[in-house]
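In what follows, a single structure is set out as structure tokens and then discussed.
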Amino acid sequence: MKNIVVIGGGIAGMEASAFLAAKGYSVDLIEKNDTLGGRLANWDRLFPTMRRGSEVTEFLAEGVMQEAVKVHLSADIVRVERHHDTFLLVTTQGNELHCDAILLATGYDLFDARRKEEYGYGIYDNVITSADLEQIFSSGRDILTQKGKKPSRVGFVHCVGSRDEKAGHTYCSKVCCVTGVKQAIEVKQQIPDAEIFNFYMDLRMYGMHFEALYKKAQEDFNVQFVRGRLSEAAENLDGSLALKVEDTLAGRPMKINVDLLVLLVGCTPSEGTRKMASLLGLKLGFNGFFKTTDQHTMTNYSDIPGVFFAGTCIGPNTITNAITDARAAATAIDIYLSGNQLANRKMKPHEEFWLYPSH
Amino acid sequence: MKNFGYTRHTDRQIDFDATDKRLYQFVFDLEPSINLCIFCGTCAATCSAGHFTTLSFRRISLLLRRGMNDIVKKEIENCMLCGKCQLVCPKGVNTRNVILQIVKGIEKYEL
Amino acid sequence: MNYNHFVIPFAAGALILFAILVARYAYWIVQMPRSDRRKAWTGFFRPAFFRSLWEVFRESLIHKKVFRVNAMLGWMHMSFAFGWFLLIIFGTIETKFHKHKVFNMPYDPIFLRYFEHDEKQFFFSQGFSFVMDFLLLILLAATFLAIFKRIRSRFFGMKRTTRLILGDRIALYSLWSVFPLRFLAESFTSGLHHNGGFLTGTAGIAFSSFLPLQQLELPAWWAYSSALFVFFVFLPFSRYNHIPTELFLIFLRNCGIKTSGRFSGFTEFEIYSCSRCGICIDKCQLAEVRPQQTQAVYFLQQIRRNILQPQTTFNCLQCGRCTEFCPVGIKADTLRSIKRTDYSLEYGFSYKYAEEKIPPPALPVDVGYFAGCMTHLTPSIKIAMENIMKKAGVRYHFIDRDGTVCCGRPLSLSGNERQARLLMRENKYIIRNSGIKTLVTSCPICLRVFRESYDLGIEVLHHSQYLLRLAEEGKISLKPTDAVFAYHDPCDLGRGLKIYEEPRMLIARCGELLHTQQEKNEALCCGNSLADFVTPEPRKQEMRDHTLQELLLNNPDALITACPLCKKSLTYGSNVPVKDIAELVAENQ
């Protein structure tokens with residue numbers, strides 16, 4: 001029986017393992033944390049449905065429960081050897097895993113908001129990130145300021161660490177805009193008296209029903225959208241935050257105080273991605289995510305035969321798309337291992353870097 | 001003159017074809033990064049001079065493209081070239097050189 | 001009198017060279033401000049003269065600063081300069097002994113071997129032949145090294161060499177041929193008359209075995225003399241112009257003349273003292289990231305050829321590394337600042353709004369804190385400073401808590417000195433009005449202009465200096481930790497104001513300070529200098545990454561700096577925390 005090692009036990013890794021096992025392969029699923037579910041495990045409700053994230057994780061866990069999937073928790077890869085068309089991977093526990101294909105599902109990391117010092121994360125008590133807010137939601141705690149007061153005004157800052165040349169992340173993280181809208185609604189649901197302001201430079205409601213969620217936020221929850229990217233935040237004596245932002249549509253700089261400021265942090269290439277790239281000798285794309293063989297037709301394929309990608313290790317994506325992508329990767333691996341002619345198709349090489357002429 | 005009871009308003013539209021875009025072209029040729037601007041306004045709210053005056057790099061960047069050079073010329077006088085706008089710009093616009101080139105262009109075309 | 005027609009090229013070349021130099025230097029001296037000229041005249045009678053001689057020996061002959069860059073490069077320069085110098089000295093002495101006359105023709109030492117080949121022994125004649133041949137050997141080796149350097153510059157510690165213009169090339173090739181031709185000419189003569197030293201004598205015997213020396217002797221001397229002619233005539237129009245000019249520059253500098261705010265006769269001496277050795281090219285971080293020829297050597301070359309582009313003037317970090325490493329000590333960064341004022345814009349900036357004055361403190365206090373524009377984007381620094389001062393019980397006034405006008409240095413760096421002065425006037429009023437006695441700032445850019453152009457009449461300190469004082473006075477106590485740190489010297493604080501030790505002493509009180517490859521006066525720039533108006537953002541980030549690579553080489557726990565701009569720039573590229581010295585102090589208090 002052919003064996004596949006899936007690296008990363010997030011949603012993409014879980015679903016790909018399930019599909020590969022169902023296709024009759026034996027799978028080793030490597031996860032560095034002590035639970036499966038990846039970043040979704042820290043997320044409370046999902047846009048645009050407001051379904052609990054845990055429901056999705058449970059659904060995916062059912063697939064992983066198959067006998068053919070062997071889950072290695074708190075495990076990491078320390079060494080990779082390539083022998084012709086098979087691989088040997090050694091884990092931190094000292095397990096030697098022989099396999100015929102590797103699926104990388106190393107996901108993403110969150111942008112470290114402390115790098116945007118002018119926003120005050122890690123400096124001012126009442127500046128939190130979207131991930132922190134999600135943690136508050138899933139813990140069931142009340143949303144309170146550091147001094148235990150119910151915030152009467154909450155600000156959301158879009159594009160923190162995304163589309164930012166200075167922060168070194170020039171791409172759009174795709175999911176933060178709609179997350180901002182979703183979280184604004186949730187805060188309003190919990191504190192109906194609160195005023196909510198979302199500061200944005202562009203709102204990218206690209207997915208199905210995202211626009212409807214945006215409209216809902218305006219119509220039913222009175223969320224205010226201010227077109228202006230936050231310039232600076234400063235702390236007032238009472239711990240509230242004085243924001244400096246240009247109301248670009250009014251054409252004037254605006255001073256506004258909020259009790260709580262939420263930074264919608266973007267996605268960055270994960271530590272695991274960098275590590276696996278160096279262990280396997282894989283190229284990273286300009287933005288630091290894995291470089292796929294083709295941008296249109298071969299996004300699951302790496303330049304090494306037998307090594308595949310799934311999920312957000314190739315770029316920011318939604319849960320929906322990450323799951324779909326995992327299934328596509330499983331199919332690609334199946335075609336590759338069955339020796340089907342389809343696996344030999346080639347695209348003329350494309351040049352990602354023409355988009356980045358200055359590099 | 002007899003007052004007929006109405007006043008004439010000037011047209012509020014930007015008559016795009018009638019405005020003077022030479023200044024924008026001049027700046028663009030020497031500092032193409034001006035066209036990276038997405039008018040997010042980060043520059044304007046952080047501006048040291050914007051604290052006291054109407055200076056907004058975002059507006060300058062926009063009005064320049066529309067050929068509304070009168071306002072550009074008036075506002076730019078307040079700039080101290082301190083560089084805060086350049087530091088916060090998410091798109092890497094070389095704002096200080098844009099300002100210098102605008103001033104040069106104003107001299108060149110005697111605007 | 002010794003004479004042959006072949007001495008004419010040499011003599012003519014030497015005369016032309018002399019005439020051009022005298023005319024040129026006289027013109028420059030006239031152009032110098034009267035006060036500078038007076039300093040120069042009196043300099044002859046002051047210790048400055050002897051200091052100059054010593055410096056000439058150290059730098060023009062031995063090339064100590066070039067040795068600092070690379071030993072091979074230093075050796076090559078020293079061989080040419082000191083070797084040739086000794087050849088002339090010994091040649092002259094030899095001639096005097098030989099002819100028992102104090103006066104003889106100036107070309108005599110050059111062509112002595114041709115004219116004097118009798119077996120007549122004189123005092124130490126064997127010794128002279130040996131020394132002269134030995135020096136010639138050194139110079140031949142130097143010529144070989146020079147040619148080799150053009151092919152393999154990396155061998156001499158140089159990644160890039162200067163692109164030469166035509167005048168340079170002609171002078172270069174004539175210089176390369178001078179010593180080999182002298183060797184041939186002397187060998188041929190000694191082959192005929194058996195009078196050479198260990199080198200020319202041996203070679204002469206060897207040549208005589210297969211060459212018709214009778215026919216070749218005179219052409220060889222003609223060629224030698226002609227090579228000297230070409231070199232002399234092209235010298236004033238080439239890089240070798242630095243040889244005579246540098247002597248004047250060293251003297252004038254030792255007389256206390258400085259590069260002031262405008263171009264004058266003195267700056268001409270500076271500009272023409274550039275030897276285009278190209279050391280500044282590798283030291284310029286812009287050379288790593290952009291192909292543009294904007295380094296000090298090209299900037300000076302463009303001025304000399306009168307083809308200076310504004311692009312070159314404004315494409316410079318003004319980090320001062322070129323000046324730091326320049327073997328001639330040319331203040332290229334200052335020259336560039338001066339050149340920028342040529343582009344000063346008539347259409348003005350106006351800062352009348354600043355008339356809305358920042359109010360003075362309610363109660364009089366001694367210490368004023370000026371965060372600076374950039375520090376408002378790195379709030380950790382100002383928060384740390386406030387915490388420290390509160391804890392130390394310092395009563396202070398936060399001058400620009402709600403912002404103020406810019407210090408003026410950024411405008412000054414753009415060449416708009418007049419407008420910068422307007423800003424300075426506003427700020428000066430605000431600072432004076434606050435009644436403080438000590439001004440503390442977190443921004444080295446502000447600090448530099450406060451010290452150099454404000455004339456405030458009060459003490460102006462960088463916060464690292466102030467914090468060290470607080471620590472030394474026992475007002476704050478620092479707890480040492482096991483952490484290891486690397487320190488990045490900001491350009492304006494380090495090379496600009498020579499403040500290297502205070503931040504390091506503070507770091508040493510908080511943990512271990514690692515050394516970095518290039519530090520203090522050699523430190524790299526963070527890439528985000530406000531002086532550069534041309535370099536695009538991605539290129540700046542590339543420079544920053546090079547700098548970080550060096551700073552983080554020994555895996556420090558945190559990277560410490562002392563400038564908000566450096567901090568902001570380094571933070572986005574660093575994988576370890578980047579902190580200002582004030583934050584470090586606040587954390588370890």
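Scheme for the structure tokens: letters A, B, ... for chains in order shown; per-chain residue numbers from 1; ligand numbers from 1 in order shown.
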
Residue hits in chain B, query chain C, radius 6 Å, only C-alpha atoms, as a PyMOL selection string: chain B and resi 77-78+81-82+92+97

Pull out every residue of chain A that has at least one atom within 8 Å of chain C, counting only C-alpha atoms, and report them as an MDAnalysis selection string. chainID A and resid 115 117:118 120 123 166:168 232 234 358:359

Can I get the selected residues back with N, CA and C atoms, as a PDB file, in the first residue's frame?
```
ATOM      1  N   ARG A 115       4.650  45.063  14.723  1.00  0.00           N
ATOM      2  CA  ARG A 115       5.527  45.723  13.748  1.00  0.00           C
ATOM      3  C   ARG A 115       4.962  47.058  13.275  1.00  0.00           C
ATOM      4  N   GLU A 117       4.061  49.786  14.697  1.00  0.00           N
ATOM      5  CA  GLU A 117       4.117  50.386  16.025  1.00  0.00           C
ATOM      6  C   GLU A 117       3.143  51.541  16.199  1.00  0.00           C
ATOM      7  N   GLU A 118       2.912  52.283  15.106  1.00  0.00           N
ATOM      8  CA  GLU A 118       2.039  53.458  15.229  1.00  0.00           C
ATOM      9  C   GLU A 118       0.592  53.078  15.542  1.00  0.00           C
ATOM     10  N   GLY A 120       0.004  50.733  17.865  1.00  0.00           N
ATOM     11  CA  GLY A 120       0.034  50.567  19.320  1.00  0.00           C
ATOM     12  C   GLY A 120      -0.264  49.181  19.856  1.00  0.00           C
ATOM     13  N   ILE A 123       1.481  47.903  22.967  1.00  0.00           N
ATOM     14  CA  ILE A 123       1.886  49.116  23.693  1.00  0.00           C
ATOM     15  C   ILE A 123       0.693  49.637  24.494  1.00  0.00           C
ATOM     16  N   LYS A 166       5.629  48.669   3.087  1.00  0.00           N
ATOM     17  CA  LYS A 166       6.571  48.894   4.173  1.00  0.00           C
ATOM     18  C   LYS A 166       6.684  47.661   5.049  1.00  0.00           C
ATOM     19  N   ALA A 167       5.553  47.000   5.297  1.00  0.00           N
ATOM     20  CA  ALA A 167       5.568  45.812   6.147  1.00  0.00           C
ATOM     21  C   ALA A 167       6.097  44.610   5.387  1.00  0.00           C
ATOM     22  N   GLY A 168       6.345  44.780   4.099  1.00  0.00           N
ATOM     23  CA  GLY A 168       6.898  43.694   3.312  1.00  0.00           C
ATOM     24  C   GLY A 168       5.854  42.704   2.839  1.00  0.00           C
ATOM     25  N   GLU A 232      -2.290  56.903  12.880  1.00  0.00           N
ATOM     26  CA  GLU A 232      -1.655  56.736  14.193  1.00  0.00           C
ATOM     27  C   GLU A 232      -2.723  56.543  15.254  1.00  0.00           C
ATOM     28  N   ALA A 234      -3.048  56.897  19.572  1.00  0.00           N
ATOM     29  CA  ALA A 234      -2.370  57.314  20.798  1.00  0.00           C
ATOM     30  C   ALA A 234      -3.305  57.035  21.962  1.00  0.00           C
ATOM     31  N   SER A 358      10.721  45.445 -10.002  1.00  0.00           N
ATOM     32  CA  SER A 358      11.785  46.106  -9.262  1.00  0.00           C
ATOM     33  C   SER A 358      12.608  45.100  -8.468  1.00  0.00           C
ATOM     34  N   HIS A 359      12.223  43.836  -8.478  1.00  0.00           N
ATOM     35  CA  HIS A 359      12.997  42.859  -7.699  1.00  0.00           C
ATOM     36  C   HIS A 359      13.803  41.939  -8.579  1.00  0.00           C
TER      37      HIS A 359
END
```

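Of the listed residues (A:Arg39, A:Lys255, A:Lys70, A:His209), A:Lys255 comes nearest to Thr46 (chain B); the distances count only C-alpha atoms.
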
Using DSSP on the backbone, list every residue of region 29-256 of chain A that comes out as alpha helix (DSSP H), and give them as a ChimeraX atom specification. /A:53-64,130-139,176-190,210-219

Tell me, as a PyMOL selection string, which residues lie within 9 Å of region 293-298 of chain A, counting only C-alpha atoms; anything in the same chain fewer than 5 positions away does not count. chain A and resi 303+346-350+352

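Counting only C-alpha atoms, the residue from A:His158, A:Lys182, A:His84, A:Arg327 that sits nearest to chain B is A:His158.
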
Nearby residues (only C-alpha atoms) at most 12 Å from Asn3 (chain A), same-chain spacing under 4 positions excluded, as a PyMOL selection string: chain A and resi 17+20-21+23-29+68-70+86-89+97-103+306+333-334+337

Atoms to include: N, CA and C atoms. Write the selected residues as a short mmCIF file (atom, residue, chain, number, x, y, z; two decimals), in the first residue's frame.
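The new file part.cif reads:
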```
data_model
loop_
_atom_site.label_atom_id
_atom_site.label_comp_id
_atom_site.auth_asym_id
_atom_site.auth_seq_id
_atom_site.Cartn_x
_atom_site.Cartn_y
_atom_site.Cartn_z
N SER A 17 -6.09 14.28 3.97
CA SER A 17 -5.82 12.97 4.56
C SER A 17 -7.04 12.08 4.44
N LEU A 20 -7.52 10.98 0.82
CA LEU A 20 -6.48 10.04 0.39
C LEU A 20 -6.73 8.67 1.01
N ALA A 21 -7.12 8.67 2.29
CA ALA A 21 -7.41 7.40 2.97
C ALA A 21 -8.58 6.72 2.29
N LYS A 23 -9.37 6.90 -0.69
CA LYS A 23 -8.92 6.39 -1.99
C LYS A 23 -8.05 5.15 -1.83
N GLY A 24 -7.78 4.76 -0.59
CA GLY A 24 -7.04 3.51 -0.38
C GLY A 24 -5.57 3.69 -0.09
N TYR A 25 -5.14 4.90 0.29
CA TYR A 25 -3.73 5.09 0.64
C TYR A 25 -3.58 5.11 2.16
N SER A 26 -2.37 4.81 2.60
CA SER A 26 -2.13 4.97 4.03
C SER A 26 -1.51 6.36 4.22
N VAL A 27 -1.96 7.05 5.25
CA VAL A 27 -1.57 8.46 5.42
C VAL A 27 -0.98 8.69 6.81
N ASP A 28 0.16 9.39 6.85
CA ASP A 28 0.67 9.89 8.13
C ASP A 28 0.41 11.39 8.16
N LEU A 29 -0.36 11.84 9.13
CA LEU A 29 -0.69 13.27 9.24
C LEU A 29 0.14 13.87 10.38
N ALA A 68 -6.89 4.22 8.11
CA ALA A 68 -5.70 4.43 7.27
C ALA A 68 -4.95 5.73 7.59
N VAL A 69 -5.57 6.58 8.39
CA VAL A 69 -4.89 7.85 8.73
C VAL A 69 -4.24 7.72 10.09
N LYS A 70 -2.92 7.85 10.10
CA LYS A 70 -2.22 7.82 11.38
C LYS A 70 -1.83 9.26 11.72
N THR A 86 10.78 7.98 -3.85
CA THR A 86 10.23 7.89 -2.50
C THR A 86 10.97 8.85 -1.57
N PHE A 87 10.36 9.06 -0.43
CA PHE A 87 10.94 9.99 0.55
C PHE A 87 11.04 9.32 1.91
N LEU A 88 12.03 9.78 2.67
CA LEU A 88 12.11 9.36 4.08
C LEU A 88 12.05 10.62 4.93
N LEU A 89 11.08 10.63 5.85
CA LEU A 89 10.97 11.79 6.74
C LEU A 89 11.18 11.35 8.17
N LEU A 97 9.48 7.88 8.60
CA LEU A 97 8.30 7.65 7.76
C LEU A 97 8.74 7.56 6.30
N HIS A 98 8.49 6.38 5.70
CA HIS A 98 8.78 6.21 4.27
C HIS A 98 7.51 6.53 3.51
N CYS A 99 7.63 7.29 2.44
CA CYS A 99 6.40 7.61 1.72
C CYS A 99 6.67 7.80 0.23
N ASP A 100 5.57 7.75 -0.52
CA ASP A 100 5.66 7.90 -1.97
C ASP A 100 5.30 9.30 -2.41
N ALA A 101 4.65 10.03 -1.53
CA ALA A 101 4.32 11.42 -1.85
C ALA A 101 4.20 12.22 -0.56
N ILE A 102 4.47 13.51 -0.69
CA ILE A 102 4.34 14.42 0.47
C ILE A 102 3.33 15.49 0.11
N LEU A 103 2.42 15.76 1.03
CA LEU A 103 1.50 16.88 0.82
C LEU A 103 1.81 17.95 1.88
N GLY A 306 6.12 14.39 -6.74
CA GLY A 306 5.77 13.71 -5.50
C GLY A 306 5.56 14.64 -4.33
N ILE A 333 -2.62 13.81 -6.17
CA ILE A 333 -1.69 12.80 -5.65
C ILE A 333 -2.11 11.41 -6.14
N ASP A 334 -3.41 11.16 -6.12
CA ASP A 334 -3.93 9.88 -6.58
C ASP A 334 -3.55 9.63 -8.04
N LEU A 337 0.22 8.92 -8.20
CA LEU A 337 0.66 7.61 -7.69
C LEU A 337 0.12 6.45 -8.52
#
```

Exercise: Ile89 (chain C) partners within 12 Å, only C-alpha atoms, chain neighbours under 2 positions left out, as a PyMOL selection string: chain C and resi 82-87+91-96+109-110+128+131-132+135

The selected residues should be written to file as a tab-separated table (two decimals), in the first residue's frame (atoms: all heavy atoms).
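Once written, result.tsv looks like this:
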```
chain	number	residue	atom	x	y	z
C	82	PHE	N	55.59	56.03	-2.64
C	82	PHE	CA	56.82	56.10	-1.86
C	82	PHE	C	58.01	55.64	-2.70
C	82	PHE	O	59.09	56.22	-2.64
C	82	PHE	CB	56.66	55.25	-0.60
C	82	PHE	CG	57.64	55.57	0.47
C	82	PHE	CD1	57.96	56.89	0.78
C	82	PHE	CD2	58.26	54.56	1.20
C	82	PHE	CE1	58.85	57.19	1.77
C	82	PHE	CE2	59.16	54.87	2.20
C	82	PHE	CZ	59.46	56.18	2.49
C	83	GLY	N	57.79	54.61	-3.53
C	83	GLY	CA	58.85	54.10	-4.38
C	83	GLY	C	59.34	55.15	-5.36
C	83	GLY	O	60.54	55.39	-5.50
C	84	TRP	N	58.39	55.79	-6.00
C	84	TRP	CA	58.76	56.81	-6.99
C	84	TRP	C	59.44	57.99	-6.31
C	84	TRP	O	60.44	58.54	-6.79
C	84	TRP	CB	57.52	57.26	-7.78
C	84	TRP	CG	57.86	57.84	-9.11
C	84	TRP	CD1	59.09	58.12	-9.60
C	84	TRP	CD2	56.93	58.18	-10.14
C	84	TRP	NE1	59.00	58.62	-10.86
C	84	TRP	CE2	57.68	58.67	-11.22
C	84	TRP	CE3	55.54	58.12	-10.25
C	84	TRP	CZ2	57.08	59.10	-12.40
C	84	TRP	CZ3	54.94	58.56	-11.43
C	84	TRP	CH2	55.70	59.04	-12.50
C	85	PHE	N	58.88	58.33	-5.15
C	85	PHE	CA	59.44	59.43	-4.36
C	85	PHE	C	60.91	59.14	-4.03
C	85	PHE	O	61.79	59.97	-4.25
C	85	PHE	CB	58.62	59.62	-3.09
C	85	PHE	CG	59.18	60.63	-2.13
C	85	PHE	CD1	59.09	61.98	-2.38
C	85	PHE	CD2	59.80	60.21	-0.95
C	85	PHE	CE1	59.61	62.91	-1.49
C	85	PHE	CE2	60.32	61.14	-0.06
C	85	PHE	CZ	60.22	62.49	-0.33
C	86	LEU	N	61.19	57.94	-3.54
C	86	LEU	CA	62.56	57.58	-3.17
C	86	LEU	C	63.46	57.52	-4.40
C	86	LEU	O	64.63	57.90	-4.35
C	86	LEU	CB	62.58	56.23	-2.44
C	86	LEU	CG	62.00	56.25	-1.02
C	86	LEU	CD1	62.07	54.87	-0.42
C	86	LEU	CD2	62.74	57.25	-0.14
C	87	LEU	N	62.88	57.05	-5.52
C	87	LEU	CA	63.65	56.97	-6.76
C	87	LEU	C	64.13	58.36	-7.16
C	87	LEU	O	65.27	58.55	-7.55
C	87	LEU	CB	62.77	56.36	-7.86
C	87	LEU	CG	63.49	55.89	-9.12
C	87	LEU	CD1	64.21	54.58	-8.84
C	87	LEU	CD2	62.50	55.68	-10.26
C	91	GLY	N	67.90	59.32	-6.84
C	91	GLY	CA	68.44	59.68	-8.15
C	91	GLY	C	69.10	61.04	-8.10
C	91	GLY	O	70.20	61.24	-8.62
C	92	THR	N	68.44	61.97	-7.43
C	92	THR	CA	68.99	63.32	-7.34
C	92	THR	C	70.30	63.32	-6.57
C	92	THR	O	71.29	63.91	-7.01
C	92	THR	CB	67.96	64.25	-6.65
C	92	THR	OG1	66.71	64.07	-7.30
C	92	THR	CG2	68.37	65.69	-6.73
C	93	ILE	N	70.30	62.61	-5.44
C	93	ILE	CA	71.52	62.58	-4.61
C	93	ILE	C	72.64	61.93	-5.41
C	93	ILE	O	73.78	62.44	-5.43
C	93	ILE	CB	71.26	61.80	-3.30
C	93	ILE	CG1	70.17	62.51	-2.49
C	93	ILE	CG2	72.54	61.68	-2.48
C	93	ILE	CD1	69.70	61.74	-1.28
C	94	GLU	N	72.30	60.84	-6.08
C	94	GLU	CA	73.30	60.12	-6.85
C	94	GLU	C	73.94	61.05	-7.88
C	94	GLU	O	75.16	61.10	-8.05
C	94	GLU	CB	72.66	58.92	-7.54
C	94	GLU	CG	73.67	58.03	-8.26
C	94	GLU	CD	73.00	56.93	-9.07
C	94	GLU	OE1	71.79	57.05	-9.36
C	94	GLU	OE2	73.68	55.96	-9.41
C	95	THR	N	73.06	61.82	-8.55
C	95	THR	CA	73.57	62.74	-9.56
C	95	THR	C	74.53	63.75	-8.96
C	95	THR	O	75.57	64.07	-9.52
C	95	THR	CB	72.40	63.49	-10.21
C	95	THR	OG1	71.33	62.58	-10.38
C	95	THR	CG2	72.78	64.07	-11.54
C	96	LYS	N	74.16	64.27	-7.77
C	96	LYS	CA	74.99	65.27	-7.12
C	96	LYS	C	76.38	64.68	-6.82
C	96	LYS	O	77.40	65.30	-7.10
C	96	LYS	CB	74.36	65.74	-5.80
C	96	LYS	CG	72.92	66.16	-5.89
C	96	LYS	CD	72.76	67.59	-6.32
C	96	LYS	CE	71.28	67.93	-6.36
C	96	LYS	NZ	70.91	68.72	-7.52
C	109	PRO	N	68.90	63.45	-13.28
C	109	PRO	CA	68.68	62.22	-12.51
C	109	PRO	C	67.84	61.21	-13.29
C	109	PRO	O	68.00	60.01	-13.12
C	109	PRO	CB	67.92	62.69	-11.29
C	109	PRO	CG	68.03	64.17	-11.26
C	109	PRO	CD	68.35	64.63	-12.63
C	110	ILE	N	66.94	61.70	-14.14
C	110	ILE	CA	66.03	60.81	-14.86
C	110	ILE	C	66.80	59.97	-15.88
C	110	ILE	O	66.53	58.79	-16.05
C	110	ILE	CB	64.94	61.62	-15.60
C	110	ILE	CG1	64.41	62.77	-14.74
C	110	ILE	CG2	63.82	60.73	-16.12
C	110	ILE	CD1	63.61	62.35	-13.55
C	128	PHE	N	74.40	53.01	-4.57
C	128	PHE	CA	73.38	53.74	-5.32
C	128	PHE	C	72.79	52.87	-6.42
C	128	PHE	O	71.57	52.82	-6.61
C	128	PHE	CB	73.95	55.03	-5.91
C	128	PHE	CG	73.86	56.19	-4.96
C	128	PHE	CD1	74.98	56.81	-4.45
C	128	PHE	CD2	72.60	56.64	-4.57
C	128	PHE	CE1	74.88	57.86	-3.57
C	128	PHE	CE2	72.50	57.71	-3.68
C	128	PHE	CZ	73.63	58.32	-3.18
C	131	VAL	N	70.40	50.44	-4.79
C	131	VAL	CA	69.16	51.06	-4.30
C	131	VAL	C	68.27	51.45	-5.48
C	131	VAL	O	67.06	51.19	-5.49
C	131	VAL	CB	69.47	52.28	-3.42
C	131	VAL	CG1	68.21	53.08	-3.12
C	131	VAL	CG2	70.13	51.83	-2.12
C	132	MET	N	68.87	52.06	-6.50
C	132	MET	CA	68.07	52.51	-7.65
C	132	MET	C	67.42	51.32	-8.34
C	132	MET	O	66.26	51.37	-8.74
C	132	MET	CB	68.94	53.29	-8.65
C	132	MET	CG	69.45	54.61	-8.10
C	132	MET	SD	68.15	55.74	-7.59
C	132	MET	CE	67.69	56.41	-9.18
C	135	LEU	N	64.58	49.97	-6.11
C	135	LEU	CA	63.36	50.79	-6.20
C	135	LEU	C	62.64	50.55	-7.52
C	135	LEU	O	61.42	50.48	-7.58
C	135	LEU	CB	63.71	52.27	-6.03
C	135	LEU	CG	64.18	52.66	-4.62
C	135	LEU	CD1	64.69	54.10	-4.61
C	135	LEU	CD2	63.03	52.51	-3.62
```

Please identify all polymer residues within 8 Å of Ile323 (chain A), counting only C-alpha atoms, omitting same-chain residues fewer than 2 positions from it, and present them as a count of residues only. 10

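Checking A:Pro48, A:Pro192, A:Ser240, A:Ala343 one by one against Glu211 (chain A), counting only C-alpha atoms, you find the shortest gap at A:Pro48.
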
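Every chain A residue lying within 6 Å of chain B, based on only C-alpha atoms, is listed here: Asp164, Glu165, Lys166, Met201, Gly228, Arg229, Ser231, Lys244, Val245, Glu246, Thr248 and Pro253 of chain A.
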
Same residues, C-alpha atoms, output as a short mmCIF file (atom, residue, chain, number, x, y, z; two decimals), in the first residue's frame:
```cif
data_model
loop_
_atom_site.label_atom_id
_atom_site.label_comp_id
_atom_site.auth_asym_id
_atom_site.auth_seq_id
_atom_site.Cartn_x
_atom_site.Cartn_y
_atom_site.Cartn_z
CA ASP A 164 1.63 47.17 2.77
CA GLU A 165 4.91 47.70 0.98
CA LYS A 166 6.57 48.89 4.17
CA MET A 201 -8.88 51.73 2.20
CA GLY A 228 -9.38 56.11 5.40
CA ARG A 229 -6.47 54.01 6.51
CA SER A 231 -2.39 56.73 10.49
CA LYS A 244 -5.72 59.93 13.58
CA VAL A 245 -7.23 59.02 10.27
CA GLU A 246 -8.10 60.94 7.17
CA THR A 248 -10.75 60.75 2.59
CA PRO A 253 -8.17 64.55 8.71
#
```

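Here CA of Ser238 (chain C) is placed at a distance of 9.8 Å from CA of Gln301 (chain C).
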
Exercise: Gly527 (chain C) partners within 7 Å, only C-alpha atoms, chain neighbours under 6 positions left out, as a PDB file with N, CA, C and O atoms, in the first residue's frame:
```pdb
ATOM      1  N   LYS C 540      15.431  50.483  -1.081  1.00  0.00           N
ATOM      2  CA  LYS C 540      15.754  50.848   0.297  1.00  0.00           C
ATOM      3  C   LYS C 540      15.640  49.618   1.191  1.00  0.00           C
ATOM      4  O   LYS C 540      16.445  49.404   2.086  1.00  0.00           O
ATOM      5  N   GLN C 541      14.615  48.810   0.914  1.00  0.00           N
ATOM      6  CA  GLN C 541      14.423  47.615   1.732  1.00  0.00           C
ATOM      7  C   GLN C 541      15.564  46.629   1.517  1.00  0.00           C
ATOM      8  O   GLN C 541      15.961  45.920   2.433  1.00  0.00           O
ATOM      9  N   MET C 543      18.651  47.443   0.886  1.00  0.00           N
ATOM     10  CA  MET C 543      19.782  47.945   1.681  1.00  0.00           C
ATOM     11  C   MET C 543      19.582  47.593   3.151  1.00  0.00           C
ATOM     12  O   MET C 543      20.510  47.173   3.834  1.00  0.00           O
ATOM     13  N   ARG C 544      18.351  47.791   3.608  1.00  0.00           N
ATOM     14  CA  ARG C 544      18.029  47.476   5.002  1.00  0.00           C
ATOM     15  C   ARG C 544      18.338  45.998   5.288  1.00  0.00           C
ATOM     16  O   ARG C 544      18.915  45.663   6.320  1.00  0.00           O
TER      17      ARG C 544
END
```

Using only C-alpha atoms, the residue out of A:Thr91, A:Gln135, A:Asn198, A:Asn287 with shortest distance to Tyr171 (chain A) is A:Asn287

Which residues in region 130-324 of chain A does DSSP call strand (DSSP E or B)? List them as JSON, numbers by chain. {"A": [153, 154, 155, 156, 157, 158, 159, 160, 164, 169, 195, 196, 197, 198, 199, 200, 224, 225, 226, 227, 230, 231, 232, 233, 234, 235, 241, 242, 243, 244, 245, 246, 247, 252, 253, 254, 255, 256, 257, 258, 260, 261, 262, 263, 264, 265, 267, 268, 269, 284, 290, 301, 307, 308, 309]}
